[in-house]
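**Student:** Contents are PDB, C-alpha atoms and all ligand atoms; file name entry.pdb:
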```pdb
ATOM      1  CA  MET A   1     136.621 129.386  59.532
ATOM      2  CA  VAL A   2     139.484 126.986  60.029
ATOM      3  CA  ASP A   3     141.527 126.164  56.944
ATOM      4  CA  LEU A   4     141.964 122.405  57.248
ATOM      5  CA  THR A   5     144.177 122.241  54.166
ATOM      6  CA  LYS A   6     146.585 124.655  55.864
ATOM      7  CA  LEU A   7     146.383 122.676  59.107
ATOM      8  CA  GLN A   8     147.189 119.431  57.234
ATOM      9  CA  LYS A   9     150.389 121.031  55.986
ATOM     10  CA  GLU A  10     151.228 122.450  59.437
ATOM     11  CA  VAL A  11     150.754 119.045  61.073
ATOM     12  CA  MET A  12     152.974 117.396  58.456
ATOM     13  CA  GLN A  13     155.648 120.081  58.800
ATOM     14  CA  ASN A  14     155.649 119.609  62.570
ATOM     15  CA  LYS A  15     156.184 115.862  62.123
ATOM     16  CA  ILE A  16     159.081 116.528  59.766
ATOM     17  CA  ASP A  17     160.576 119.174  62.066
ATOM     18  CA  LYS A  18     160.386 116.790  65.034
ATOM     19  CA  GLY A  19     161.865 113.898  63.065
ATOM     20  CA  PHE A  20     158.790 111.703  63.480
ATOM     21  CA  PRO A  21     158.290 108.893  60.960
ATOM     22  CA  ILE A  22     156.098 109.999  58.064
ATOM     23  CA  ASN A  23     156.017 106.926  55.845
ATOM     24  CA  ASP A  24     154.587 104.323  58.203
ATOM     25  CA  MET A  25     150.826 104.449  57.682
ATOM     26  CA  ALA A  26     150.185 101.438  59.927
ATOM     27  CA  PHE A  27     151.864 103.366  62.751
ATOM     28  CA  GLU A  28     149.701 106.428  62.011
ATOM     29  CA  PHE A  29     146.484 104.389  62.088
ATOM     30  CA  CYS A  30     147.556 102.782  65.355
ATOM     31  CA  ARG A  31     148.470 106.129  66.944
ATOM     32  CA  ALA A  32     145.150 107.686  65.879
ATOM     33  CA  HIS A  33     143.343 104.710  67.389
ATOM     34  CA  GLU A  34     145.418 105.024  70.552
ATOM     35  CA  GLU A  35     144.443 108.690  70.923
ATOM     36  CA  LEU A  36     140.757 107.844  70.474
ATOM     37  CA  SER A  37     141.099 105.142  73.111
ATOM     38  CA  GLU A  38     142.722 107.662  75.471
ATOM     39  CA  ALA A  39     139.771 110.010  74.919
ATOM     40  CA  PHE A  40     137.296 107.228  75.655
ATOM     41  CA  SER A  41     139.188 106.137  78.762
ATOM     42  CA  LYS A  42     139.219 109.675  80.184
ATOM     43  CA  HIS A  43     135.559 110.198  79.297
ATOM     44  CA  ASN A  44     134.619 106.846  80.811
ATOM     45  CA  LYS A  45     136.458 107.656  84.051
ATOM     46  CA  GLY A  46     135.126 111.218  84.223
ATOM     47  CA  GLN A  47     138.665 112.560  83.929
ATOM     48  CA  PRO A  48     139.579 115.905  82.356
ATOM     49  CA  GLY A  49     141.426 116.114  79.048
ATOM     50  CA  VAL A  50     138.894 114.461  76.755
ATOM     51  CA  ALA A  51     138.853 117.432  74.367
ATOM     52  CA  GLU A  52     142.652 117.415  74.139
ATOM     53  CA  GLU A  53     142.672 113.700  73.308
ATOM     54  CA  LEU A  54     140.023 114.242  70.629
ATOM     55  CA  ALA A  55     142.181 117.054  69.268
ATOM     56  CA  ASP A  56     145.051 114.553  69.108
ATOM     57  CA  VAL A  57     142.822 112.275  67.034
ATOM     58  CA  ALA A  58     142.050 115.151  64.667
ATOM     59  CA  ILE A  59     145.747 115.991  64.414
ATOM     60  CA  PHE A  60     146.527 112.429  63.395
ATOM     61  CA  LEU A  61     143.683 112.485  60.853
ATOM     62  CA  LEU A  62     145.001 115.739  59.394
ATOM     63  CA  GLY A  63     148.507 114.320  59.129
ATOM     64  CA  MET A  64     147.289 111.055  57.625
ATOM     65  CA  CYS A  65     145.245 112.893  55.000
ATOM     66  CA  GLU A  66     148.264 115.000  54.090
ATOM     67  CA  GLN A  67     150.425 111.868  53.820
ATOM     68  CA  LEU A  68     147.831 110.102  51.662
ATOM     69  CA  GLY A  69     147.081 113.115  49.476
ATOM     70  CA  PHE A  70     143.499 113.571  50.685
ATOM     71  CA  ASP A  71     141.831 116.932  51.248
ATOM     72  CA  LEU A  72     140.130 116.323  54.607
ATOM     73  CA  GLU A  73     137.992 119.477  54.412
ATOM     74  CA  LYS A  74     136.646 118.450  51.024
ATOM     75  CA  GLU A  75     136.030 114.892  52.211
ATOM     76  CA  LEU A  76     134.273 116.091  55.360
ATOM     77  CA  VAL A  77     131.919 118.379  53.423
ATOM     78  CA  ARG A  78     131.189 115.628  50.913
ATOM     79  CA  LYS A  79     130.549 112.958  53.541
ATOM     80  CA  ILE A  80     128.452 115.189  55.814
ATOM     81  CA  GLU A  81     126.204 115.887  52.830
ATOM     82  CA  ILE A  82     125.921 112.169  52.088
ATOM     83  CA  ASN A  83     125.039 111.482  55.724
ATOM     84  CA  LYS A  84     122.388 114.241  55.726
ATOM     85  CA  ASN A  85     120.652 112.603  52.794
ATOM     86  CA  ARG A  86     120.836 109.041  54.102
ATOM     87  CA  GLN A  87     117.633 107.368  55.128
ATOM     88  CA  TYR A  88     117.274 104.806  57.849
ATOM     89  CA  ILE A  89     114.667 102.319  58.925
ATOM     90  CA  LYS A  90     114.269 102.142  62.677
ATOM     91  CA  SER A  91     113.971  98.640  64.023
ATOM     92  CA  LYS A  92     114.512  96.783  67.289
ATOM     93  CA  SER A  93     117.332  94.444  68.250
ATOM     94  CA  PRO A  94     116.494  91.116  69.911
ATOM     95  CA  GLU A  95     117.292  92.889  73.219
ATOM     96  CA  GLY A  96     114.739  95.599  72.426
ATOM     97  CA  LYS A  97     117.227  98.363  71.674
ATOM     98  CA  ASP A  98     116.679 100.749  68.767
ATOM     99  CA  VAL A  99     118.594  99.734  65.652
ATOM    100  CA  PHE A 100     118.967 101.970  62.604
ATOM    101  CA  ILE A 101     119.332 100.184  59.279
ATOM    102  CA  ARG A 102     120.582 102.290  56.401
ATOM    103  CA  VAL A 103     118.512 102.296  53.227
ATOM    104  CA  LYS A 104     120.843 101.671  50.292
ATOM    105  CA  THR A 105     120.230 103.640  47.121
ATOM    106  CA  ASP A 106     121.814 103.803  43.679
ATOM    107  CA  ILE A 107     123.662 107.011  44.602
ATOM    108  CA  ASP A 108     124.653 105.739  48.070
ATOM    109  CA  PRO A 109     125.054 101.973  47.757
TER     110      PRO A 109
HETATM  111 MG    MG B 201     146.944 112.237  73.591
END
```
Could you take the file, read its structure, and then write that structure out as structure tokens?
**Tutor:**
Amino acid sequence: MVDLTKLQKEVMQNKIDKGFPINDMAFEFCRAHEELSEAFSKHNKGQPGVAEELADVAIFLLGMCEQLGFDLEKELVRKIEINKNRQYIKSKSPEGKDVFIRVKTDIDP
């Protein structure tokens, strides 16, 4: 099993070692978005390297969580459990496509 907490610290240390900025969260959000866009572009064009771009996204998420003091592993486990228990009503859009509407509950508003 991968230790995401350890990886968060490794990603942050690498940023520090390389002299990258570590206090500009807007930059981090933009770079993570950029990497996701690169992954989509390669996927959309049938080009190789999609997995590496998605790994770049994960690396940015790990670094951002370390910078913000979040435990990504803990948050992932918590959110995956929430998603498992979510209920949806299946409906149709005006164009006839399937639309899933989340049922809000007291514990998941
Ligand atoms: Mg990349």
**Student:** Could you give me, as number ranges by chain, the residues within 7 Å of stretch 30-36 of chain A, counting only C-alpha atoms and dropping anything in the same chain fewer than 5 positions from it?
**Tutor:** A: 53-54, 56-57, 60
**Student:** Please return the centre and edge lengths, in Å to one decimal, of a box with edges along x, y and z that contains all listed atoms of stretch 37-50 of chain A, widened by 5 Å on every side, as JSON.
**Tutor:**
```
{"center_x": 138.7, "center_y": 110.6, "center_z": 78.7, "size_x": 18.1, "size_y": 21.0, "size_z": 21.1}
```
**Student:** Check the smallest atom-to-atom distance from each of A:Asn14, A:Thr105, A:Asn85, A:Ser37 to A:Leu62 using only C-alpha atoms, then report the winner.
**Tutor:** A:Asn14
**Student:** Determine the nearest neighbour of ligand MG 201 (chain B) from the options A:Val2, A:Phe20, A:Val50, A:Glu10, counting all atoms listed in the file.
**Tutor:**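 Using all atoms listed in the file, ligand MG 201 (chain B) sits closest to A:Val50.
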**Student:** Which neighbours of A:Asp108 fall inside 12 Å, counting all atoms listed in the file, when residues of the same chain fewer than 6 positions from it are skipped, and could you give them as a compact mmCIF listing (two decimals) with C-alpha atoms, in the coordinates of the input?
**Tutor:**
```
# COMPACT_ATOMS: atom_id res chain seq x y z
CA LYS A 79 130.55 112.96 53.54
CA GLU A 81 126.20 115.89 52.83
CA ILE A 82 125.92 112.17 52.09
CA ASN A 83 125.04 111.48 55.72
CA LYS A 84 122.39 114.24 55.73
CA ASN A 85 120.65 112.60 52.79
CA ARG A 86 120.84 109.04 54.10
CA GLN A 87 117.63 107.37 55.13
CA ARG A 102 120.58 102.29 56.40
```
**Student:** List, as a list of chain:residue names, every residue that the PyMOL selection byres (((chain A and resi 8) around 8) and not hetatm) selects in the file provided.
**Tutor:**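 On the file shown, the PyMOL selection byres (((chain A and resi 8) around 8) and not hetatm) covers A:Leu4, A:Thr5, A:Lys6, A:Leu7, A:Lys9, A:Glu10, A:Val11, A:Met12, A:Leu62, A:Gly63, A:Cys65, A:Glu66.
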**Student:** Take atom CA of A:Gln67 and atom CA of A:Phe27 and report the distance between them in Å, one decimal.
**Tutor:**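 Here the two named atoms are 12.4 Å from each other.
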**Student:** One number please: atom CA of A:Glu52 to atom CA of A:Glu38, in Å, one decimal.
**Tutor:**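 It comes out at 9.8 Å.
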**Student:** Just checking: using all atoms listed in the file, which residue out of A:Leu72, A:Ala39, A:Ala51, A:Ile22 ends up closest to A:Asp3?
**Tutor:**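 That would be A:Leu72, the residue with the smallest distance to A:Asp3.
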**Student:** Between A:Met1, A:Ala26, A:Ala58, A:Ile101, which residue has the minimum interatomic distance to ligand MG 201 (chain B), considering all atoms listed in the file?
**Tutor:** A:Ala58
**Student:** When distances are computed from only C-alpha atoms, which of A:Ile59, A:Val103, A:Pro21, A:Pro109 shows the smallest separation from A:Lys90?
**Tutor:**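 Of A:Ile59, A:Val103, A:Pro21, A:Pro109, the one nearest A:Lys90, counting only C-alpha atoms, is A:Val103.
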**Student:** Can you work out the spacing between atom CA of A:Lys42 and atom CA of A:Met25 in Å, to one decimal?
**Tutor:**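 Between atom CA of A:Lys42 and atom CA of A:Met25 the gap is 25.9 Å.
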**Student:** Taking all atoms listed in the file into account, which of A:Gly49, A:Gly69, A:Gly96, A:Gly19 comes nearest ligand MG 201 (chain B)?
**Tutor:**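 Distance minimum relative to ligand MG 201 (chain B) lands on A:Gly49.
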